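Notes follow once the structure below has been shown.
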Amino acid sequence: MIILKSLQEIEKIRKACIIVSDALDGIRGMVKPGVTTQALDEFAERFIVAAGAKPAFKGYRGYPKTLCTSVNNEVIHGIPSKDTVLKQGDIISVDVGTIVDGFYGDAALTLPVGTVTPEAERLMRVTEESLLRGIAQAQAGNRLYDISHAVQEYVESNGYSVVREFVGHGLEETCMRNLNSLISALQGRAHG
């Protein structure tokens with residue numbers, strides 16, 4: 001079930017999301033060969049706290065860090081480490097979450113480390129376009145399935161696949177409300 005938010009709740013989510021966006025902008029400028037994922041994590045934590053928010057992931061179900069940093073073939077939820085040093089040609093997905101007055105902001109960004117292969121560039125282009133196609137389906141009268149279907153259809157038409165075990169979550173007072181059962185329930189009713 002999608003729970004409608006009050007204007008005050010939406011404002012708290014907006015503030016949390018602005019901090020996420022600004023943190024990602026700072027991280028974008030740091031990503032280069034020789035930087036550790038731990039350095040990115042330390043920057044993000046300092047930035048989030050200085051902005052008056054709390055890191056959303058740190059401590060959630062025992063997670064030890066502020067960011068999730070997934071390098072190359074790591075799908076999601078990579079744990080930052082001083083031992084993970086970015087190299088020329090890597091791609092890194094950085095996921096940032098914040099809490100402002102009990103409401104969450106969360107976003108991820110995939111970035112090239114220096115110059116990447118044409119295959120990595122293509123992967124990043126296809127995933128970004130799939131996101132835009134999903135966003136285009138977020139409109140009155142459509143269902144959540146319409147969004148996920150647009151993403152999946154575009155990704156698969158380009159020779160890639162989606163990871164069905166990780167389907168997203170909402171921005172609730174309770175962290176990471178899993179939408180897997182909701183999406184499954186809606187799949188058969190997309191146009192019914």
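Chain identifiers are assigned as A, B, and so on, following the order in which chains appear in the structure tokens; residues are numbered from 1 within each chain, and ligands are numbered from 1 in order of appearance.
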Report as a list of chain:residue names all protein, DNA and RNA residues lying within 6 Å of Gly78 (chain A), evaluated on only C-alpha atoms, omitting residues in the same chain fewer than 5 positions from it.
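What passes the distance filter is A:Cys68, A:Thr69, A:Ser70.
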Kindly provide the residues of region 89-170 of chain A that approach region 11-20 of chain A to within 12 Å, each paired with its closest atom pair and their distance in Å to one decimal, based on only C-alpha atoms, listed by chain and increasing number, as JSON lines.
```
{"residue": "A:Val94", "atom": "CA", "partner": "A:Val20", "partner_atom": "CA", "distance": 10.9}
{"residue": "A:Asp95", "atom": "CA", "partner": "A:Val20", "partner_atom": "CA", "distance": 9.1}
{"residue": "A:Val96", "atom": "CA", "partner": "A:Val20", "partner_atom": "CA", "distance": 6.0}
{"residue": "A:Gly97", "atom": "CA", "partner": "A:Val20", "partner_atom": "CA", "distance": 6.3}
{"residue": "A:Thr98", "atom": "CA", "partner": "A:Ala16", "partner_atom": "CA", "distance": 5.7}
{"residue": "A:Ile99", "atom": "CA", "partner": "A:Ala16", "partner_atom": "CA", "distance": 6.0}
{"residue": "A:Val100", "atom": "CA", "partner": "A:Ala16", "partner_atom": "CA", "distance": 5.4}
{"residue": "A:Asp101", "atom": "CA", "partner": "A:Lys12", "partner_atom": "CA", "distance": 6.7}
{"residue": "A:Gly102", "atom": "CA", "partner": "A:Lys12", "partner_atom": "CA", "distance": 8.2}
{"residue": "A:Phe103", "atom": "CA", "partner": "A:Ile13", "partner_atom": "CA", "distance": 5.5}
{"residue": "A:Tyr104", "atom": "CA", "partner": "A:Ile13", "partner_atom": "CA", "distance": 5.8}
{"residue": "A:Gly105", "atom": "CA", "partner": "A:Cys17", "partner_atom": "CA", "distance": 4.2}
{"residue": "A:Asp106", "atom": "CA", "partner": "A:Val20", "partner_atom": "CA", "distance": 6.4}
{"residue": "A:Ala107", "atom": "CA", "partner": "A:Val20", "partner_atom": "CA", "distance": 6.7}
{"residue": "A:Ala108", "atom": "CA", "partner": "A:Val20", "partner_atom": "CA", "distance": 9.0}
{"residue": "A:Leu109", "atom": "CA", "partner": "A:Val20", "partner_atom": "CA", "distance": 10.6}
{"residue": "A:Gly170", "atom": "CA", "partner": "A:Ile13", "partner_atom": "CA", "distance": 10.9}
```
Could you check which of A:Met30, A:Glu165, A:Ala53, A:Ser130 is closest to His149 (chain A), using only C-alpha atoms?
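Closest candidate: A:Ser130.
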One number please: CA of Ser157 (chain A) to CA of Gly114 (chain A), in Å, one decimal.
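Interatomic distance here is 28.0 Å.
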Take CA of Val35 (chain A) and CA of Val71 (chain A) and report the distance between them in Å, one decimal.
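Computing the Euclidean distance for CA of Val35 (chain A) and CA of Val71 (chain A) yields 12.3 Å.
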